[in-house]
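Structure file my_file_10.txt (compact mmCIF, N, CA and C atoms) follows.
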```txt
# COMPACT_ATOMS: atom_id res chain seq x y z
N MET A 22 22.59 164.26 -12.69
CA MET A 22 21.73 164.06 -11.54
C MET A 22 22.03 162.67 -10.97
N ASN A 23 22.27 162.59 -9.67
CA ASN A 23 22.59 161.29 -9.08
C ASN A 23 21.32 160.53 -8.72
N LYS A 24 21.51 159.26 -8.30
CA LYS A 24 20.39 158.38 -7.98
C LYS A 24 19.49 158.94 -6.89
N LYS A 25 20.10 159.54 -5.85
CA LYS A 25 19.33 160.06 -4.73
C LYS A 25 18.40 161.17 -5.19
N ASN A 26 18.91 162.09 -5.98
CA ASN A 26 18.07 163.18 -6.48
C ASN A 26 16.94 162.65 -7.36
N GLU A 27 17.23 161.62 -8.18
CA GLU A 27 16.19 161.03 -9.02
C GLU A 27 15.09 160.42 -8.17
N ASN A 28 15.49 159.72 -7.10
CA ASN A 28 14.51 159.10 -6.21
C ASN A 28 13.65 160.16 -5.52
N GLU A 29 14.31 161.24 -5.06
CA GLU A 29 13.56 162.31 -4.39
C GLU A 29 12.56 162.95 -5.35
N LEU A 30 12.96 163.16 -6.60
CA LEU A 30 12.05 163.76 -7.58
C LEU A 30 10.87 162.84 -7.88
N SER A 31 11.15 161.54 -7.99
CA SER A 31 10.05 160.62 -8.28
C SER A 31 9.09 160.53 -7.11
N GLU A 32 9.63 160.61 -5.88
CA GLU A 32 8.76 160.61 -4.70
C GLU A 32 7.91 161.87 -4.65
N GLU A 33 8.49 163.02 -5.01
CA GLU A 33 7.73 164.27 -5.01
C GLU A 33 6.62 164.22 -6.04
N ASN A 34 6.84 163.61 -7.19
CA ASN A 34 5.83 163.51 -8.24
C ASN A 34 4.70 162.59 -7.83
N ASN A 35 4.95 161.65 -6.93
CA ASN A 35 3.94 160.69 -6.51
C ASN A 35 3.23 161.10 -5.22
N ARG A 36 3.46 162.28 -4.75
CA ARG A 36 2.85 162.72 -3.50
C ARG A 36 1.36 162.95 -3.70
N VAL A 37 0.59 162.65 -2.64
CA VAL A 37 -0.86 162.80 -2.67
C VAL A 37 -1.27 163.73 -1.55
N ARG A 38 -2.16 164.60 -1.82
CA ARG A 38 -2.65 165.54 -0.82
C ARG A 38 -3.85 164.92 -0.11
N PHE A 39 -3.87 165.06 1.22
CA PHE A 39 -5.01 164.58 2.00
C PHE A 39 -5.15 165.45 3.24
N ALA A 40 -6.34 165.41 3.83
CA ALA A 40 -6.59 166.22 5.03
C ALA A 40 -6.10 165.46 6.25
N LEU A 41 -5.49 166.19 7.16
CA LEU A 41 -4.99 165.60 8.40
C LEU A 41 -5.60 166.39 9.55
N TYR A 42 -6.35 165.71 10.37
CA TYR A 42 -6.94 166.34 11.54
C TYR A 42 -6.19 165.87 12.77
N THR A 43 -5.63 166.81 13.50
CA THR A 43 -4.87 166.48 14.71
C THR A 43 -4.99 167.64 15.68
N ASP A 44 -4.49 167.44 16.87
CA ASP A 44 -4.58 168.50 17.88
C ASP A 44 -3.40 169.45 17.78
N GLU A 45 -3.50 170.57 18.46
CA GLU A 45 -2.47 171.62 18.40
C GLU A 45 -1.12 171.14 18.93
N THR A 46 -1.15 170.34 20.00
CA THR A 46 0.13 169.91 20.60
C THR A 46 0.92 169.03 19.63
N THR A 47 0.21 168.20 18.85
CA THR A 47 0.90 167.36 17.87
C THR A 47 1.52 168.22 16.78
N LEU A 48 0.80 169.21 16.32
CA LEU A 48 1.35 170.13 15.32
C LEU A 48 2.53 170.91 15.88
N ASP A 49 2.45 171.30 17.15
CA ASP A 49 3.56 172.00 17.79
C ASP A 49 4.81 171.11 17.82
N LEU A 50 4.61 169.81 18.10
CA LEU A 50 5.74 168.88 18.11
C LEU A 50 6.37 168.77 16.73
N VAL A 51 5.52 168.69 15.71
CA VAL A 51 6.03 168.64 14.34
C VAL A 51 6.83 169.90 14.03
N GLU A 52 6.28 171.04 14.38
CA GLU A 52 6.94 172.33 14.11
C GLU A 52 8.29 172.41 14.82
N GLN A 53 8.36 171.90 16.06
CA GLN A 53 9.59 171.97 16.84
C GLN A 53 10.68 171.05 16.28
N HIS A 54 10.28 169.90 15.72
CA HIS A 54 11.28 168.86 15.44
C HIS A 54 11.57 168.60 13.97
N TYR A 55 10.78 169.08 13.05
CA TYR A 55 11.00 168.67 11.66
C TYR A 55 12.33 169.17 11.11
N LYS A 56 12.78 170.35 11.52
CA LYS A 56 14.07 170.85 11.03
C LYS A 56 15.23 170.11 11.69
N GLU A 57 15.06 169.77 12.96
CA GLU A 57 16.11 169.02 13.67
C GLU A 57 16.35 167.67 13.00
N ASP A 58 15.31 167.10 12.43
CA ASP A 58 15.39 165.78 11.81
C ASP A 58 15.92 165.87 10.38
N GLY A 59 16.18 167.06 9.90
CA GLY A 59 16.70 167.23 8.56
C GLY A 59 15.63 167.23 7.48
N CYS A 60 14.39 167.39 7.87
CA CYS A 60 13.31 167.42 6.89
C CYS A 60 13.13 168.84 6.36
N GLY A 61 12.74 168.93 5.09
CA GLY A 61 12.55 170.23 4.46
C GLY A 61 11.22 170.87 4.79
N CYS A 62 10.24 170.04 5.16
CA CYS A 62 8.92 170.59 5.48
C CYS A 62 8.22 169.67 6.47
N ARG A 63 7.10 170.15 7.00
CA ARG A 63 6.34 169.36 7.98
C ARG A 63 5.79 168.09 7.36
N SER A 64 5.36 168.18 6.11
CA SER A 64 4.80 166.99 5.43
C SER A 64 5.83 165.87 5.35
N GLU A 65 7.06 166.22 5.05
CA GLU A 65 8.13 165.22 4.97
C GLU A 65 8.33 164.56 6.34
N TYR A 66 8.32 165.37 7.37
CA TYR A 66 8.49 164.87 8.74
C TYR A 66 7.35 163.92 9.11
N ILE A 67 6.12 164.31 8.79
CA ILE A 67 4.96 163.48 9.11
C ILE A 67 5.02 162.17 8.32
N SER A 68 5.40 162.24 7.04
CA SER A 68 5.53 161.03 6.22
C SER A 68 6.58 160.09 6.81
N LYS A 69 7.69 160.67 7.23
CA LYS A 69 8.77 159.88 7.83
C LYS A 69 8.28 159.22 9.13
N ALA A 70 7.53 159.97 9.92
CA ALA A 70 7.00 159.45 11.19
C ALA A 70 6.03 158.30 10.94
N ILE A 71 5.21 158.45 9.91
CA ILE A 71 4.24 157.38 9.60
C ILE A 71 4.98 156.12 9.15
N ARG A 72 6.00 156.27 8.29
CA ARG A 72 6.78 155.09 7.86
C ARG A 72 7.48 154.44 9.05
N TYR A 73 8.05 155.25 9.93
CA TYR A 73 8.72 154.74 11.13
C TYR A 73 7.74 153.94 11.98
N TYR A 74 6.57 154.51 12.21
CA TYR A 74 5.58 153.83 13.04
C TYR A 74 5.10 152.55 12.38
N ALA A 75 4.91 152.58 11.06
CA ALA A 75 4.46 151.38 10.34
C ALA A 75 5.51 150.27 10.44
N GLU A 76 6.79 150.61 10.30
CA GLU A 76 7.86 149.63 10.45
C GLU A 76 7.90 149.07 11.86
N LEU A 77 7.77 149.96 12.82
CA LEU A 77 7.76 149.53 14.22
C LEU A 77 6.59 148.61 14.49
N HIS A 78 5.45 148.95 13.95
CA HIS A 78 4.23 148.17 14.18
C HIS A 78 4.33 146.79 13.53
N SER A 79 4.83 146.72 12.33
CA SER A 79 4.89 145.43 11.64
C SER A 79 6.12 144.62 12.04
N LEU A 80 7.20 145.29 12.42
CA LEU A 80 8.48 144.67 12.77
C LEU A 80 9.00 143.73 11.69
N LYS A 81 8.53 143.90 10.46
CA LYS A 81 9.05 143.10 9.35
C LYS A 81 10.38 143.69 8.87
N ASP A 82 10.47 144.98 8.87
CA ASP A 82 11.69 145.65 8.44
C ASP A 82 12.02 146.72 9.47
N CYS A 83 12.84 146.35 10.46
CA CYS A 83 13.09 147.27 11.57
C CYS A 83 14.48 147.89 11.49
N ARG A 84 15.05 148.00 10.29
CA ARG A 84 16.38 148.62 10.15
C ARG A 84 16.38 150.06 10.63
N ASN A 85 15.26 150.78 10.42
CA ASN A 85 15.20 152.17 10.85
C ASN A 85 14.78 152.31 12.30
N VAL A 86 14.23 151.24 12.87
CA VAL A 86 13.78 151.28 14.26
C VAL A 86 14.96 151.06 15.20
N ILE A 87 15.80 150.06 14.90
CA ILE A 87 16.96 149.76 15.71
C ILE A 87 18.20 150.13 14.90
N PRO A 88 18.86 151.18 15.28
CA PRO A 88 20.04 151.60 14.51
C PRO A 88 21.12 150.53 14.48
N ASP A 89 21.88 150.51 13.40
CA ASP A 89 22.94 149.52 13.22
C ASP A 89 23.96 149.56 14.34
N ILE A 90 24.23 150.73 14.88
CA ILE A 90 25.25 150.85 15.94
C ILE A 90 24.83 150.08 17.19
N ILE A 91 23.54 150.07 17.50
CA ILE A 91 23.06 149.33 18.68
C ILE A 91 23.20 147.84 18.42
N THR A 92 22.79 147.39 17.24
CA THR A 92 22.90 145.98 16.89
C THR A 92 24.35 145.53 16.92
N SER A 93 25.23 146.32 16.35
CA SER A 93 26.65 146.00 16.33
C SER A 93 27.23 145.94 17.74
N THR A 94 26.85 146.89 18.57
CA THR A 94 27.34 146.93 19.95
C THR A 94 26.87 145.71 20.73
N LEU A 95 25.61 145.33 20.56
CA LEU A 95 25.09 144.16 21.26
C LEU A 95 25.80 142.88 20.80
N LYS A 96 26.05 142.77 19.50
CA LYS A 96 26.78 141.60 18.99
C LYS A 96 28.18 141.54 19.57
N ASP A 97 28.86 142.68 19.68
CA ASP A 97 30.20 142.73 20.26
C ASP A 97 30.19 142.32 21.73
N ILE A 98 29.18 142.78 22.46
CA ILE A 98 29.06 142.42 23.89
C ILE A 98 28.87 140.92 24.05
N VAL A 99 27.99 140.34 23.24
CA VAL A 99 27.74 138.90 23.31
C VAL A 99 28.98 138.12 22.92
N ARG A 100 29.68 138.55 21.86
CA ARG A 100 30.89 137.87 21.41
C ARG A 100 31.95 137.90 22.51
N GLU A 101 32.14 139.05 23.15
CA GLU A 101 33.14 139.16 24.21
C GLU A 101 32.75 138.30 25.41
N SER A 102 31.47 138.27 25.73
CA SER A 102 30.99 137.43 26.83
C SER A 102 31.23 135.95 26.53
N ASP A 103 30.96 135.53 25.29
CA ASP A 103 31.23 134.14 24.90
C ASP A 103 32.72 133.82 25.02
N ASN A 104 33.57 134.73 24.58
CA ASN A 104 35.02 134.50 24.68
C ASN A 104 35.46 134.38 26.13
N ARG A 105 34.93 135.25 26.99
CA ARG A 105 35.30 135.23 28.40
C ARG A 105 34.84 133.91 29.04
N GLN A 106 33.61 133.50 28.73
CA GLN A 106 33.10 132.25 29.30
C GLN A 106 33.91 131.06 28.81
N GLY A 107 34.28 131.08 27.52
CA GLY A 107 35.10 130.01 26.97
C GLY A 107 36.45 129.90 27.67
N ARG A 108 37.09 131.05 27.92
CA ARG A 108 38.38 131.05 28.63
C ARG A 108 38.22 130.53 30.06
N LEU A 109 37.15 130.94 30.73
CA LEU A 109 36.91 130.47 32.10
C LEU A 109 36.63 128.97 32.14
N LEU A 110 35.84 128.48 31.18
CA LEU A 110 35.58 127.04 31.13
C LEU A 110 36.86 126.25 30.87
N PHE A 111 37.74 126.78 30.03
CA PHE A 111 39.02 126.12 29.79
C PHE A 111 39.83 126.04 31.08
N LYS A 112 39.90 127.15 31.82
CA LYS A 112 40.65 127.16 33.09
C LYS A 112 40.06 126.17 34.08
N ILE A 113 38.74 126.10 34.16
CA ILE A 113 38.09 125.15 35.07
C ILE A 113 38.39 123.72 34.65
N ALA A 114 38.37 123.45 33.34
CA ALA A 114 38.67 122.10 32.85
C ALA A 114 40.10 121.70 33.21
N VAL A 115 41.05 122.64 33.10
CA VAL A 115 42.43 122.35 33.47
C VAL A 115 42.53 122.01 34.95
N GLU A 116 41.91 122.83 35.81
CA GLU A 116 41.96 122.59 37.25
C GLU A 116 41.29 121.27 37.62
N LEU A 117 40.18 120.95 36.96
CA LEU A 117 39.48 119.69 37.24
C LEU A 117 40.32 118.50 36.81
N THR A 118 41.02 118.62 35.69
CA THR A 118 41.90 117.55 35.23
C THR A 118 43.04 117.32 36.21
N ILE A 119 43.60 118.40 36.74
CA ILE A 119 44.66 118.28 37.76
C ILE A 119 44.12 117.55 38.97
N LEU A 120 42.94 117.97 39.44
CA LEU A 120 42.33 117.35 40.61
C LEU A 120 42.06 115.87 40.37
N GLN A 121 41.53 115.52 39.21
CA GLN A 121 41.24 114.12 38.89
C GLN A 121 42.52 113.28 38.87
N ASN A 122 43.57 113.83 38.30
CA ASN A 122 44.83 113.08 38.23
C ASN A 122 45.44 112.87 39.61
N ILE A 123 45.34 113.87 40.47
CA ILE A 123 45.86 113.72 41.84
C ILE A 123 45.07 112.67 42.60
N VAL A 124 43.75 112.74 42.52
CA VAL A 124 42.90 111.75 43.21
C VAL A 124 43.17 110.35 42.67
N ALA A 125 43.27 110.22 41.35
CA ALA A 125 43.52 108.90 40.75
C ALA A 125 44.90 108.37 41.14
N ALA A 126 45.90 109.24 41.25
CA ALA A 126 47.26 108.80 41.58
C ALA A 126 47.36 108.31 43.01
N TYR A 127 46.65 108.90 43.95
CA TYR A 127 46.81 108.57 45.37
C TYR A 127 45.74 107.66 45.93
N ASN A 128 44.80 107.23 45.11
CA ASN A 128 43.75 106.32 45.56
C ASN A 128 43.70 105.11 44.64
N ASN A 129 43.50 104.00 45.25
CA ASN A 129 43.38 102.77 44.50
C ASN A 129 41.91 102.57 44.17
N ILE A 130 41.49 103.03 42.99
CA ILE A 130 40.07 103.01 42.63
C ILE A 130 39.81 101.89 41.65
N ASP A 131 38.84 101.05 42.01
CA ASP A 131 38.42 99.95 41.14
C ASP A 131 37.57 100.50 40.00
N VAL A 132 37.75 99.98 38.77
CA VAL A 132 37.03 100.46 37.59
C VAL A 132 35.53 100.25 37.76
N ALA A 133 35.12 99.13 38.31
CA ALA A 133 33.69 98.85 38.52
C ALA A 133 33.11 99.85 39.52
N GLU A 134 33.84 100.14 40.59
CA GLU A 134 33.39 101.12 41.58
C GLU A 134 33.28 102.51 40.96
N LEU A 135 34.25 102.85 40.10
CA LEU A 135 34.22 104.14 39.40
C LEU A 135 32.97 104.26 38.53
N ASP A 136 32.65 103.22 37.79
CA ASP A 136 31.45 103.24 36.95
C ASP A 136 30.18 103.39 37.79
N ARG A 137 30.13 102.69 38.94
CA ARG A 137 28.96 102.78 39.83
C ARG A 137 28.80 104.20 40.38
N VAL A 138 29.89 104.80 40.84
CA VAL A 138 29.85 106.15 41.39
C VAL A 138 29.51 107.16 40.29
N ARG A 139 30.04 106.94 39.08
CA ARG A 139 29.73 107.84 37.97
C ARG A 139 28.21 107.83 37.69
N GLY A 140 27.60 106.68 37.67
CA GLY A 140 26.16 106.57 37.43
C GLY A 140 25.36 107.30 38.51
N ILE A 141 25.76 107.11 39.75
CA ILE A 141 25.09 107.79 40.87
C ILE A 141 25.25 109.31 40.73
N CYS A 142 26.46 109.74 40.39
CA CYS A 142 26.72 111.18 40.26
C CYS A 142 25.94 111.79 39.10
N VAL A 143 25.85 111.09 37.98
CA VAL A 143 25.08 111.60 36.84
C VAL A 143 23.63 111.80 37.25
N ASN A 144 23.07 110.83 37.94
CA ASN A 144 21.67 110.95 38.40
C ASN A 144 21.51 112.11 39.38
N GLU A 145 22.48 112.27 40.28
CA GLU A 145 22.42 113.35 41.27
C GLU A 145 22.49 114.72 40.60
N VAL A 146 23.39 114.87 39.62
CA VAL A 146 23.53 116.14 38.91
C VAL A 146 22.26 116.44 38.12
N LYS A 147 21.68 115.43 37.48
CA LYS A 147 20.42 115.63 36.75
C LYS A 147 19.31 116.08 37.69
N LYS A 148 19.26 115.45 38.85
CA LYS A 148 18.21 115.79 39.82
C LYS A 148 18.37 117.22 40.32
N LEU A 149 19.61 117.70 40.45
CA LEU A 149 19.88 119.05 40.96
C LEU A 149 20.05 120.07 39.84
N ASN A 150 19.79 119.69 38.59
CA ASN A 150 19.95 120.57 37.43
C ASN A 150 21.36 121.13 37.33
N GLY A 151 22.34 120.34 37.67
CA GLY A 151 23.73 120.75 37.51
C GLY A 151 24.26 121.65 38.61
N ILE A 152 23.43 121.96 39.60
CA ILE A 152 23.86 122.86 40.68
C ILE A 152 24.16 122.01 41.91
N ILE A 153 25.44 121.77 42.13
CA ILE A 153 25.86 120.98 43.28
C ILE A 153 27.01 121.70 43.96
N SER A 154 26.98 121.68 45.28
CA SER A 154 28.05 122.33 46.03
C SER A 154 28.90 121.28 46.74
N PHE A 155 30.06 121.70 47.18
CA PHE A 155 30.94 120.79 47.90
C PHE A 155 30.29 120.34 49.21
N ASP A 156 29.55 121.25 49.86
CA ASP A 156 28.85 120.89 51.10
C ASP A 156 27.86 119.75 50.87
N GLU A 157 27.14 119.81 49.75
CA GLU A 157 26.19 118.75 49.43
C GLU A 157 26.92 117.42 49.18
N ALA A 158 28.07 117.47 48.52
CA ALA A 158 28.86 116.27 48.26
C ALA A 158 29.34 115.65 49.58
N VAL A 159 29.78 116.49 50.54
CA VAL A 159 30.22 115.98 51.84
C VAL A 159 29.06 115.33 52.58
N ARG A 160 27.88 115.98 52.57
CA ARG A 160 26.69 115.39 53.22
C ARG A 160 26.31 114.07 52.57
N TRP A 161 26.42 114.00 51.22
CA TRP A 161 26.04 112.79 50.49
C TRP A 161 26.99 111.65 50.84
N GLN A 162 28.30 111.97 51.05
CA GLN A 162 29.29 110.95 51.37
C GLN A 162 29.19 110.47 52.82
N SER A 163 28.56 111.25 53.67
CA SER A 163 28.48 110.89 55.11
C SER A 163 27.45 109.82 55.39
```

What does this structure look like when you write it as structure tokens?
Amino acid sequence: MNKKNENELSEENNRVRFALYTDETTLDLVEQHYKEDGCGCRSEYISKAIRYYAELHSLKDCRNVIPDIITSTLKDIVRESDNRQGRLLFKIAVELTILQNIVAAYNNIDVAELDRVRGICVNEVKKLNGIISFDEAVRWQS
């Protein structure tokens, strides 16, 4: 006898009989679905439903509420999104470095002036929560 059969037998020995009062439509639902769920009887289906609801209600152990395939799929989507964003940020950093080198090569910029402009820009970006457009930069320079 394997472990699963032993567990099923011990569960059957520990079963308790009690009265259940419910409406006809609920019993009809149980009758329609207990075989589809792989349960051997209505009592097994109702017990399974109660455990499911209890897990859902407590959310302490939700392994049966959220199937592993959904969790795995969501993790894969997030991982792929992170990879895509990382690649895009790398490309933006390369383009920004090119732009900075071109501007630095063709303009005679004083180090003190650079520090002053950097401070102003940091404050501006903080004030705008990092959302700045080229149009705003042109207006600011005018």

In Å, with one decimal, what is the gap from atom CA of His54 of chain A to atom CA of Ser93 of chain A?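 Here the two named atoms are 27.6 Å from each other.
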
Grab the atom C of Ile67 of chain A to atom CA of Val51 of chain A distance for me, in Å with one decimal place.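 These two atoms are separated by 8.9 Å.
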
Calculated over only C-alpha atoms, which of the candidates A:Ala133, A:Ile90, A:Ala114, A:Ala158 has the smallest distance to Glu145 of chain A?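 Using only C-alpha atoms, the shortest distance to Glu145 of chain A belongs to A:Ala158.
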
Would you list, as a list in words, the residues of segment 121-156 of chain A that end up in helix (DSSP H, G or I) under DSSP run on this structure's backbone? Gln121, Asn122, Ile123, Val124, Ala125, Ala126, Tyr127, Val132, Ala133, Glu134, Leu135, Asp136, Arg137, Val138, Arg139, Gly140, Ile141, Cys142, Val143, Asn144, Glu145, Val146, Lys147, Lys148, Phe155 and Asp156 of chain A

Could the residues in this selection be saved with N, CA and C atoms as a short mmCIF file (atom, residue, chain, number, x, y, z; two decimals), in the frame of the given file?
```
data_model
loop_
_atom_site.label_atom_id
_atom_site.label_comp_id
_atom_site.auth_asym_id
_atom_site.auth_seq_id
_atom_site.Cartn_x
_atom_site.Cartn_y
_atom_site.Cartn_z
N GLN A 121 41.53 115.52 39.21
CA GLN A 121 41.24 114.12 38.89
C GLN A 121 42.52 113.28 38.87
N ASN A 122 43.57 113.83 38.30
CA ASN A 122 44.83 113.08 38.23
C ASN A 122 45.44 112.87 39.61
N ILE A 123 45.34 113.87 40.47
CA ILE A 123 45.86 113.72 41.84
C ILE A 123 45.07 112.67 42.60
N VAL A 124 43.75 112.74 42.52
CA VAL A 124 42.90 111.75 43.21
C VAL A 124 43.17 110.35 42.67
N ALA A 125 43.27 110.22 41.35
CA ALA A 125 43.52 108.90 40.75
C ALA A 125 44.90 108.37 41.14
N ALA A 126 45.90 109.24 41.25
CA ALA A 126 47.26 108.80 41.58
C ALA A 126 47.36 108.31 43.01
N TYR A 127 46.65 108.90 43.95
CA TYR A 127 46.81 108.57 45.37
C TYR A 127 45.74 107.66 45.93
N VAL A 132 37.75 99.98 38.77
CA VAL A 132 37.03 100.46 37.59
C VAL A 132 35.53 100.25 37.76
N ALA A 133 35.12 99.13 38.31
CA ALA A 133 33.69 98.85 38.52
C ALA A 133 33.11 99.85 39.52
N GLU A 134 33.84 100.14 40.59
CA GLU A 134 33.39 101.12 41.58
C GLU A 134 33.28 102.51 40.96
N LEU A 135 34.25 102.85 40.10
CA LEU A 135 34.22 104.14 39.40
C LEU A 135 32.97 104.26 38.53
N ASP A 136 32.65 103.22 37.79
CA ASP A 136 31.45 103.24 36.95
C ASP A 136 30.18 103.39 37.79
N ARG A 137 30.13 102.69 38.94
CA ARG A 137 28.96 102.78 39.83
C ARG A 137 28.80 104.20 40.38
N VAL A 138 29.89 104.80 40.84
CA VAL A 138 29.85 106.15 41.39
C VAL A 138 29.51 107.16 40.29
N ARG A 139 30.04 106.94 39.08
CA ARG A 139 29.73 107.84 37.97
C ARG A 139 28.21 107.83 37.69
N GLY A 140 27.60 106.68 37.67
CA GLY A 140 26.16 106.57 37.43
C GLY A 140 25.36 107.30 38.51
N ILE A 141 25.76 107.11 39.75
CA ILE A 141 25.09 107.79 40.87
C ILE A 141 25.25 109.31 40.73
N CYS A 142 26.46 109.74 40.39
CA CYS A 142 26.72 111.18 40.26
C CYS A 142 25.94 111.79 39.10
N VAL A 143 25.85 111.09 37.98
CA VAL A 143 25.08 111.60 36.84
C VAL A 143 23.63 111.80 37.25
N ASN A 144 23.07 110.83 37.94
CA ASN A 144 21.67 110.95 38.40
C ASN A 144 21.51 112.11 39.38
N GLU A 145 22.48 112.27 40.28
CA GLU A 145 22.42 113.35 41.27
C GLU A 145 22.49 114.72 40.60
N VAL A 146 23.39 114.87 39.62
CA VAL A 146 23.53 116.14 38.91
C VAL A 146 22.26 116.44 38.12
N LYS A 147 21.68 115.43 37.48
CA LYS A 147 20.42 115.63 36.75
C LYS A 147 19.31 116.08 37.69
N LYS A 148 19.26 115.45 38.85
CA LYS A 148 18.21 115.79 39.82
C LYS A 148 18.37 117.22 40.32
N PHE A 155 30.06 121.70 47.18
CA PHE A 155 30.94 120.79 47.90
C PHE A 155 30.29 120.34 49.21
N ASP A 156 29.55 121.25 49.86
CA ASP A 156 28.85 120.89 51.10
C ASP A 156 27.86 119.75 50.87
#
```
